[in-house]
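*Asks:* Let me begin by handing over the structure; questions about it come next.
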Amino acid sequence: MNTPKNLLYTKDHEWARVEGKTAYIGITDYAQHSLGDITFVDMPKKAQALKQSTYCATVESVKAASDVYAPFSGTVLSVNETLSSHPELVNQSPYEKGYFFTMELSDEAEKKNLMDASGYEHYLEGIAE
Amino acid sequence: MSYIPHTPEDIKQMLGVIGVTGIDELFKDIPAGLRPRSFDIPAGKSEAEVTRHLCRLAAKNATHLVNFVGAGFYDHFIPAAVDAIVNRPEFYTAYTPYQPECSQGWLQAIYEYQTVICELTGLDVSNASLYDGGTALYEALMMAVRLTGRNKIIVDSGVNLIYRTMLYTYTKNLSIEFVEIPVVHGQSSRTEFGKHLDEKAAAVILQNPNFFGAVDDYSDVVEQVHKFGALAIGSFYPVSLGKLKSPGEMGFDIATGEGQSLGIPLSFGGPYLGFMSAKKELVRQMPGRIVGATVDSEGKRGFVLTLQTREQHIRREKATSNICSNEALCALRAAVFASLLGREGLKELAEHNYQKAEFAKEELSRISGVEVKRSSPTFNEFTVQLPHHADEVVYRMIDKGFACGFPLGRYYKGMDNYLLIAVTEKRTKEDILGLAGSLEAVL
Amino acid sequence: MKLIFEQHKEGRRGFTYEKADVPDAKPLAKKYCRKYDTNLSSVSELDVVRHYTNLSRLNFSVDTNFYPLGSCTMKYNPKFTERVASFDGFSQLHPLLPQLSGGGMLAQGALEVLYEAEKLLAEITGMAAFTTQPLAGAHGELTGAMLIAAYHKDKGARRKYVIVPDSSHGTNPASAAIAGYQVIVIPTGRDGYMDLNEYKNKLSTETAAVMLTCPDTLGIFNPHIKEIADMAHEAGALMYYDGANLNALLGKARPGDIGFDVVHINLHKTFATPHGGGGPGAGPVGVSGHLVDFLPIPRVIRRSDGTYALDYHSHKSIGYIAPFYGNFGVILKAYAYMLRLGKEGLIKAAEAAVLNANYCRARLKEHYDQTFDKACMHECVFSAARQVKNGVHALDIAKYLIDKGYHPPTVYFPMIVKEALMIEPTETESKETLDGFIDVMIEIARLAQSDPSAITRAPLNTPVKRLDETKAAREPNLRWKP
């Protein structure tokens, strides 16, 4: 599994790329792999207020639907519209073209609740056992 | 024993393989204290005995009456080919097509049914069927509540009372606010709609033709509904759509209805067919099964159940509906019926219904004391005002061999003298003249 | 195969109506008429008959193939019930006739069918009364959830939660949720039963009901069932019985005696009415004495003079849940089936169903893993976990079975079993049929070790090969377009 070093991760397999007060959000390589071919992503709305660890999106494959939880509290800045016609980008490029949305963080201190790459890798090893 | 093929020798061998000495041992997990306190069921009967018994019961039901009762459920002719197809066991003894490679016949038939419903209603997408017209309307209401995040529903009182009552029953424990719009001169009151439409409304629910048989063009209401960001939901009579403006042409977001008129027998209230079609952007909120076309590993066209993440077997408590079994065999009836009639046959059927009802209106209006309500046009059903209580007239007409209509006083206050009369293509000129003659005689 | 719409030929007709025998009426104003014709096909009657007959031949069905689809009870559907339901006295009967003044006497036979069917179902399940209105199993569940809500409301309480085990049918939590309840899911313990400690922790005075299937979806009779029911009742909650698996218990145990308060029955499972390619079914609901007042209206009653009538007088009723009296045609077939089998026949049905399932289990258990190694009731659940190690999944096994002419078992359910294969043979299948199926299953287990690709490339003998379900979901094509 690919776990880029510059990202933060949640136990629910979301990733966040924080740049100052804003962040890109998506699901991890592990998540896309376990779901299989992604067929649809139900996105939050632009300007929607999010609360850390609460529901913000749904990602679907043919036989499963999985809830996505907001890695941080804050506001949705933009959503990745390309995914509505090309959900396969989540499979092909989970950390780049397949990101879900960008958001503004309301409390940067919440970052401490997420794992870094090595912490997440360790967490995945735990699941495998 | 009937239908069980095991010989004593089979049973002995099977018990041996299982490693028990008797069948009772297989039930040992059920504690003695939980065995039936009683099981007082009569002894079994032969096929001939049961058939004879049910033949006797069937004979106790009146089938001799000339039928002018509709009220949402209509006596249409069913071509023999419809029965021939649905009686094929490869259709009726199969189950939901979970395994597409051995269910292509069913899947394609449902895809064709979905196309028929889309064509009739002029909308983009249809599901594979719901239980009946009332539950279809309820499911549409729930779609609107989810889509808009609002909870006010405006219902026209020209919608079948049975359906309105079902909506209230189903939503009793949810916080949904209903507003009923009165019918004025047989039609929906635009002024009343104007008073209640606002940003809190999730949907407006209408019916065409309405319960009194009145035909309307709801384009103006639908336009208003959309201005407030609400959804326009309608209940439609599919046979009428061979002639009347389609829900799609009027701008409706969701069309539902009772599909019984499409080749399904009256059968004392069921099984019937709930249909639903909608604009394509609403498809992910639709309830129930949906069939889609795709290709197989060799690029050949095939069909599968699709968009299943909406459904209960995957999404459980977050599903768009709890429906599992639907009315597939009735949907097949509708598809075969529509295919037999085709574009021209459907127009012809609708036209015959209209013409015969118009003729009946003319004939009945000649009777002194009978007033045919003409404030709005009708399709194949209309309202007449009688000089006496309609119940009494209906009672006397049964003796004359006619089920002459549905007394509106049962559903609407102050309408005790009103009768709702349906005239389908099955009623001949003689039937209609007979109705008029007998009515004149009993008044 | 071509779609019926692709066989269209302008000018061809499949059905015509006789010339109208009434004079031309004044035309309807244009604004009420549709502007565009439909694109329904113009084809001949033979085109239609041949098309749908050929389509039918692409399906597996009970009459053509062994169909051990777990949880669905695909038993043989006796032909005489079809004939009975087609009698004019039943099929041509307008549902509003008994609601006309003096019309009650016009439908005495139909009302008797409903009344007697309710009585038989009540005795079979040990419940006080039934409604035949629910139109399918899930519709029965929703009706049951509404009855439960009405009961609690009447007692002045508004309870919030419904408890379901994680092995339940998806319809259970879905029905509870749309009735307005929050769902609490109890995990399955290591012993294969609902975790009792977790259940005790979650059960409270806020619990409206506990929904259970019995035997459960693993095909096992839960020995703690009485204890679970007693605890629920102590907390003031009601017990709901999902009747999908009732076939195993006919004459052996009754939900009412066990302590269930509300029961739905799938007539299209236990009572042999055909599944119709996904419906119509029927899901009558039975209740214990303290819930009778809440049943939907109208109720069918028998008067002292022996005639039958519809009764609308019930001020506590939840109201109308169907337009009339349920899927009458289906109830009629189930009634005919119950009369035909009688007491002994029903008991023998349960016995043979359980015998067949245990025979399959006994012959297959060396070849497939069982998550919980226990004697089963009417169905047995295996896991393809052992085969997955060689790349053969439950889905592959299903496809290979199709090639061999068997409808696959239910796969991937219950969700608590990895790679689940749920086999419900039913009582109407012979030892020879079971042996044929079991032999293929054993052959699959062997091939999974020696030549897995022989399984994973299946099916080869079907009208279409494996279909691209991802494409179907990503690019929905849900109707033909001209």
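In the structure tokens, chains take letters A, B, ... by order of appearance, with residues numbered from 1 within each chain and ligands from 1 in the order shown.
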Residues of chain C near chain A: apply a cut-off of 12 Å, count only C-alpha atoms, and supply the list as a compact mmCIF listing (two decimals) with C-alpha atoms, in the first residue's frame.

*Replies:*
```txt
# COMPACT_ATOMS: atom_id res chain seq x y z
CA TYR C 412 -22.24 -13.22 0.69
CA MET C 415 -22.65 -10.73 6.17
CA ASP C 468 -19.58 -5.69 -16.16
CA GLU C 469 -21.47 -4.48 -13.09
CA THR C 470 -19.05 -1.61 -12.55
CA LYS C 471 -19.88 -0.18 -15.96
CA ALA C 472 -23.60 -0.63 -15.22
CA ALA C 473 -23.27 1.44 -12.03
CA ARG C 474 -20.87 4.07 -13.40
CA GLU C 475 -22.77 4.73 -16.63
CA PRO C 476 -26.41 3.90 -15.79
```

*Asks:* Near Glu249 in chain B, counting only C-alpha atoms, which residues have an atom at most 9 Å away, once you skip same-chain residues fewer than 2 positions from it, shown as an MDAnalysis selection string?

*Replies:* (chainID B and resid 121:123 219 245:247 251:252) or (chainID C and resid 34:36)

*Asks:* Neighbours of Pro94 in chain A within 12 Å (only C-alpha atoms; same-chain residues fewer than 2 positions away dropped), as a VMD selection string?

*Replies:* chain A and resid 1 to 4 13 to 16 24 to 33 38 83 87 to 92 96 to 100

*Asks:* Report as a PyMOL selection string all protein, DNA and RNA residues lying within 9 Å of range 95-102 of chain B, evaluated on only C-alpha atoms, omitting residues in the same chain fewer than 6 positions from it.

*Replies:* (chain B and resi 302-305+325-326+328) or (chain C and resi 58-62+72+74+274-279+398-399+402+407-408+410+459+462-467)

*Asks:* Which neighbours of Ile318 in chain C fall inside 12 Å, counting only C-alpha atoms, when residues of the same chain fewer than 4 positions from it are skipped, and could you give them as a VMD selection string?

*Replies:* (chain B and resid 165 to 173) or (chain C and resid 131 142 to 151 153 to 154 291 to 298 312 to 314 322)

*Asks:* Selected residues, C-alpha atoms, written as a PDB file, in the first residue's frame, please.

*Replies:*
```pdb
ATOM      1  CA  THR B 165     -55.040   7.757   4.194  1.00  0.00           C
ATOM      2  CA  MET B 166     -52.110   5.447   3.453  1.00  0.00           C
ATOM      3  CA  LEU B 167     -49.728   8.441   3.392  1.00  0.00           C
ATOM      4  CA  TYR B 168     -50.965   9.542   6.814  1.00  0.00           C
ATOM      5  CA  THR B 169     -50.675   6.029   8.235  1.00  0.00           C
ATOM      6  CA  TYR B 170     -47.099   5.559   7.045  1.00  0.00           C
ATOM      7  CA  THR B 171     -45.840   8.924   8.261  1.00  0.00           C
ATOM      8  CA  LYS B 172     -47.590   9.002  11.644  1.00  0.00           C
ATOM      9  CA  ASN B 173     -44.318   8.644  13.567  1.00  0.00           C
TER      10      ASN B 173
ATOM     11  CA  THR C 131     -54.048  -8.989   9.004  1.00  0.00           C
ATOM     12  CA  LEU C 142     -42.992  -1.994   8.326  1.00  0.00           C
ATOM     13  CA  THR C 143     -46.588  -2.730   9.363  1.00  0.00           C
ATOM     14  CA  GLY C 144     -45.245  -4.532  12.441  1.00  0.00           C
ATOM     15  CA  ALA C 145     -42.998  -1.608  13.350  1.00  0.00           C
ATOM     16  CA  MET C 146     -45.980   0.744  13.060  1.00  0.00           C
ATOM     17  CA  LEU C 147     -48.095  -1.559  15.248  1.00  0.00           C
ATOM     18  CA  ILE C 148     -45.320  -1.532  17.842  1.00  0.00           C
ATOM     19  CA  ALA C 149     -45.157   2.267  17.730  1.00  0.00           C
ATOM     20  CA  ALA C 150     -48.933   2.511  18.167  1.00  0.00           C
ATOM     21  CA  TYR C 151     -48.810   0.120  21.128  1.00  0.00           C
ATOM     22  CA  LYS C 153     -47.840   5.403  22.174  1.00  0.00           C
ATOM     23  CA  ASP C 154     -51.067   4.047  23.598  1.00  0.00           C
ATOM     24  CA  LEU C 291     -51.984  -5.677  19.925  1.00  0.00           C
ATOM     25  CA  VAL C 292     -55.172  -6.757  18.137  1.00  0.00           C
ATOM     26  CA  ASP C 293     -56.832  -3.341  18.479  1.00  0.00           C
ATOM     27  CA  PHE C 294     -54.059  -1.701  16.490  1.00  0.00           C
ATOM     28  CA  LEU C 295     -54.336  -3.887  13.375  1.00  0.00           C
ATOM     29  CA  PRO C 296     -55.029  -2.105  10.062  1.00  0.00           C
ATOM     30  CA  ILE C 297     -58.609  -1.621   8.888  1.00  0.00           C
ATOM     31  CA  PRO C 298     -60.774  -3.037   7.498  1.00  0.00           C
ATOM     32  CA  TYR C 312     -63.986  -0.486  10.007  1.00  0.00           C
ATOM     33  CA  HIS C 313     -64.742   0.195  13.662  1.00  0.00           C
ATOM     34  CA  SER C 314     -61.439   0.289  15.443  1.00  0.00           C
ATOM     35  CA  ALA C 322     -52.739  -1.211   1.538  1.00  0.00           C
TER      36      ALA C 322
END
```

*Asks:* At a cut-off of 9 Å, using only C-alpha atoms, what residues contact Ala64 in chain A? Leave out same-chain residues fewer than 5 positions from it and give the result as a VMD selection string.

*Replies:* (chain A and resid 35 59) or (chain B and resid 308 to 309 314 to 315)

*Asks:* Convert the current residue selection to file output with C-alpha atoms, as an mmCIF file, in the first residue's frame.

*Replies:*
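File selection.cif, as written:
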```cif
data_model
loop_
_atom_site.group_PDB
_atom_site.id
_atom_site.type_symbol
_atom_site.label_atom_id
_atom_site.label_comp_id
_atom_site.auth_asym_id
_atom_site.auth_seq_id
_atom_site.Cartn_x
_atom_site.Cartn_y
_atom_site.Cartn_z
ATOM 1 C CA LEU A 35 -13.804 -1.125 -1.707
ATOM 2 C CA VAL A 59 -18.171 6.432 -1.440
ATOM 3 C CA GLN B 308 -27.856 -1.505 -5.542
ATOM 4 C CA THR B 309 -26.114 0.599 -2.902
ATOM 5 C CA ILE B 314 -26.431 -3.334 1.274
ATOM 6 C CA ARG B 315 -27.295 -0.079 3.037
#
```

*Asks:* Choose the residue, out of B:Asp29, B:Asp253, B:Glu298, B:Glu180, that has the smallest atom-to-atom separation from Met286 in chain B; count only C-alpha atoms.

*Replies:* B:Asp253

*Asks:* Near Val179 in chain B, within 8 Å and counting only C-alpha atoms, which residues show up once chain neighbours fewer than 5 positions away are dropped, as a PyMOL selection string?

*Replies:* chain B and resi 152-155+196

*Asks:* Can you write out the residues you just picked, keeping N, CA and C atoms, as a short mmCIF file (atom, residue, chain, number, x, y, z; two decimals), in the first residue's frame?

*Replies:*
```cif
data_model
loop_
_atom_site.label_atom_id
_atom_site.label_comp_id
_atom_site.auth_asym_id
_atom_site.auth_seq_id
_atom_site.Cartn_x
_atom_site.Cartn_y
_atom_site.Cartn_z
N LYS B 152 -42.84 19.62 4.82
CA LYS B 152 -44.25 20.00 4.58
C LYS B 152 -44.71 19.43 3.23
N ILE B 153 -45.83 18.74 3.26
CA ILE B 153 -46.35 18.11 2.05
C ILE B 153 -47.74 18.67 1.76
N ILE B 154 -47.91 19.19 0.56
CA ILE B 154 -49.21 19.74 0.17
C ILE B 154 -49.91 18.74 -0.74
N VAL B 155 -51.07 18.24 -0.28
CA VAL B 155 -51.78 17.20 -1.03
C VAL B 155 -53.11 17.73 -1.52
N HIS B 196 -50.55 28.17 0.21
CA HIS B 196 -49.77 27.26 1.05
C HIS B 196 -48.36 26.97 0.55
#
```

*Asks:* Measuring between only C-alpha atoms, which one of A:Cys56, A:Leu50, A:Phe72, A:Asp42 shows the shortest distance to Leu114 in chain A?

*Replies:*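 Among the listed residues, A:Phe72 lies closest to Leu114 in chain A.
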
*Asks:* One decimal, in Å: what's the spacing between CA of Arg158 in chain C and CA of Tyr240 in chain C?

*Replies:*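 If I compute the distance from CA of Arg158 in chain C to CA of Tyr240 in chain C, I get 17.4 Å.
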
*Asks:* Counting only C-alpha atoms, which residue out of C:Thr456, C:Thr171, C:Gln7, C:Thr307 sits closest to chain B?

*Replies:*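 Closest to chain B, using only C-alpha atoms: C:Thr171.
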
*Asks:* Measuring between only C-alpha atoms, which one of C:Met239, C:Ala136, C:Ala448, C:Ala122 shows the shortest distance to chain B?

*Replies:*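 So, comparing all the options, the nearest one is C:Ala136.
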
*Asks:* Can you list, as JSON, numbers by chain, every residue of range 167-351 of chain B that DSSP puts in strand (DSSP E)?

*Replies:* {"B": [177, 178, 179, 180, 181, 183, 184, 187, 188, 201, 202, 203, 204, 205, 206, 207, 208, 231, 232, 233, 234, 235, 236, 254, 255, 256, 257, 258, 274, 275, 276, 277, 278, 291, 292, 293, 294, 295, 301, 302, 303, 304, 305]}

*Asks:* DSSP says alpha helix (DSSP H) for which residues of range 12-66 of chain B? Put them as a ChimeraX atom specification?

*Replies:* /B:12-18,47-59

*Asks:* I need the chosen residues saved as a PDB file, in the first residue's frame, with N, CA and C atoms.

*Replies:*
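To be explicit, this is the file written out as selection18.pdb:
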```pdb
ATOM      1  N   LYS B  12     -34.165 -43.196   5.537  1.00  0.00           N
ATOM      2  CA  LYS B  12     -33.246 -44.017   6.325  1.00  0.00           C
ATOM      3  C   LYS B  12     -31.793 -43.738   5.929  1.00  0.00           C
ATOM      4  N   GLN B  13     -31.560 -43.740   4.631  1.00  0.00           N
ATOM      5  CA  GLN B  13     -30.196 -43.497   4.133  1.00  0.00           C
ATOM      6  C   GLN B  13     -29.696 -42.109   4.525  1.00  0.00           C
ATOM      7  N   MET B  14     -30.560 -41.138   4.380  1.00  0.00           N
ATOM      8  CA  MET B  14     -30.160 -39.750   4.673  1.00  0.00           C
ATOM      9  C   MET B  14     -29.853 -39.580   6.162  1.00  0.00           C
ATOM     10  N   LEU B  15     -30.707 -40.152   7.003  1.00  0.00           N
ATOM     11  CA  LEU B  15     -30.459 -40.066   8.446  1.00  0.00           C
ATOM     12  C   LEU B  15     -29.127 -40.727   8.779  1.00  0.00           C
ATOM     13  N   GLY B  16     -28.824 -41.827   8.073  1.00  0.00           N
ATOM     14  CA  GLY B  16     -27.551 -42.519   8.283  1.00  0.00           C
ATOM     15  C   GLY B  16     -26.371 -41.623   7.958  1.00  0.00           C
ATOM     16  N   VAL B  17     -26.446 -40.934   6.833  1.00  0.00           N
ATOM     17  CA  VAL B  17     -25.357 -40.025   6.443  1.00  0.00           C
ATOM     18  C   VAL B  17     -25.203 -38.906   7.475  1.00  0.00           C
ATOM     19  N   ILE B  18     -26.340 -38.395   7.952  1.00  0.00           N
ATOM     20  CA  ILE B  18     -26.291 -37.311   8.944  1.00  0.00           C
ATOM     21  C   ILE B  18     -25.743 -37.846  10.272  1.00  0.00           C
ATOM     22  N   GLU B  47     -56.293 -32.794  -3.927  1.00  0.00           N
ATOM     23  CA  GLU B  47     -56.356 -31.650  -4.843  1.00  0.00           C
ATOM     24  C   GLU B  47     -57.788 -31.422  -5.325  1.00  0.00           C
ATOM     25  N   ALA B  48     -58.483 -32.515  -5.623  1.00  0.00           N
ATOM     26  CA  ALA B  48     -59.855 -32.394  -6.134  1.00  0.00           C
ATOM     27  C   ALA B  48     -60.780 -31.790  -5.084  1.00  0.00           C
ATOM     28  N   GLU B  49     -60.599 -32.217  -3.825  1.00  0.00           N
ATOM     29  CA  GLU B  49     -61.457 -31.677  -2.759  1.00  0.00           C
ATOM     30  C   GLU B  49     -61.241 -30.181  -2.567  1.00  0.00           C
ATOM     31  N   VAL B  50     -59.979 -29.780  -2.508  1.00  0.00           N
ATOM     32  CA  VAL B  50     -59.686 -28.357  -2.289  1.00  0.00           C
ATOM     33  C   VAL B  50     -60.188 -27.541  -3.474  1.00  0.00           C
ATOM     34  N   THR B  51     -59.990 -28.062  -4.684  1.00  0.00           N
ATOM     35  CA  THR B  51     -60.453 -27.345  -5.877  1.00  0.00           C
ATOM     36  C   THR B  51     -61.974 -27.163  -5.835  1.00  0.00           C
ATOM     37  N   ARG B  52     -62.673 -28.246  -5.447  1.00  0.00           N
ATOM     38  CA  ARG B  52     -64.134 -28.193  -5.374  1.00  0.00           C
ATOM     39  C   ARG B  52     -64.574 -27.149  -4.351  1.00  0.00           C
ATOM     40  N   HIS B  53     -63.929 -27.162  -3.194  1.00  0.00           N
ATOM     41  CA  HIS B  53     -64.262 -26.206  -2.135  1.00  0.00           C
ATOM     42  C   HIS B  53     -64.082 -24.761  -2.621  1.00  0.00           C
ATOM     43  N   LEU B  54     -62.969 -24.504  -3.288  1.00  0.00           N
ATOM     44  CA  LEU B  54     -62.699 -23.130  -3.723  1.00  0.00           C
ATOM     45  C   LEU B  54     -63.548 -22.736  -4.927  1.00  0.00           C
ATOM     46  N   CYS B  55     -63.948 -23.724  -5.693  1.00  0.00           N
ATOM     47  CA  CYS B  55     -64.869 -23.467  -6.801  1.00  0.00           C
ATOM     48  C   CYS B  55     -66.209 -22.981  -6.224  1.00  0.00           C
ATOM     49  N   ARG B  56     -66.625 -23.620  -5.137  1.00  0.00           N
ATOM     50  CA  ARG B  56     -67.868 -23.210  -4.455  1.00  0.00           C
ATOM     51  C   ARG B  56     -67.746 -21.798  -3.906  1.00  0.00           C
ATOM     52  N   LEU B  57     -66.596 -21.498  -3.300  1.00  0.00           N
ATOM     53  CA  LEU B  57     -66.411 -20.138  -2.757  1.00  0.00           C
ATOM     54  C   LEU B  57     -66.378 -19.107  -3.884  1.00  0.00           C
ATOM     55  N   ALA B  58     -65.732 -19.459  -4.991  1.00  0.00           N
ATOM     56  CA  ALA B  58     -65.676 -18.515  -6.125  1.00  0.00           C
ATOM     57  C   ALA B  58     -67.084 -18.199  -6.608  1.00  0.00           C
ATOM     58  N   ALA B  59     -67.945 -19.219  -6.568  1.00  0.00           N
ATOM     59  CA  ALA B  59     -69.315 -19.034  -7.058  1.00  0.00           C
ATOM     60  C   ALA B  59     -70.130 -18.127  -6.146  1.00  0.00           C
TER      61      ALA B  59
END
```

*Asks:* When you count only C-alpha atoms, which of these residues is closest to Gly270 in chain B: C:Val300, C:Ala282, C:Leu395, C:Ile442?

*Replies:*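 The answer is C:Ala282, which sits nearest to Gly270 in chain B.
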
*Asks:* Which residue gives the smallest distance to chain B among C:Asp191, C:Asp261, C:Asp451, C:Asp435, with only C-alpha atoms counted?

*Replies:* C:Asp435

*Asks:* How far is it from CA of Lys11 in chain A to CA of Lys418 in chain C, in Å with one decimal?

*Replies:*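 CA of Lys11 in chain A sits 22.6 Å away from CA of Lys418 in chain C.
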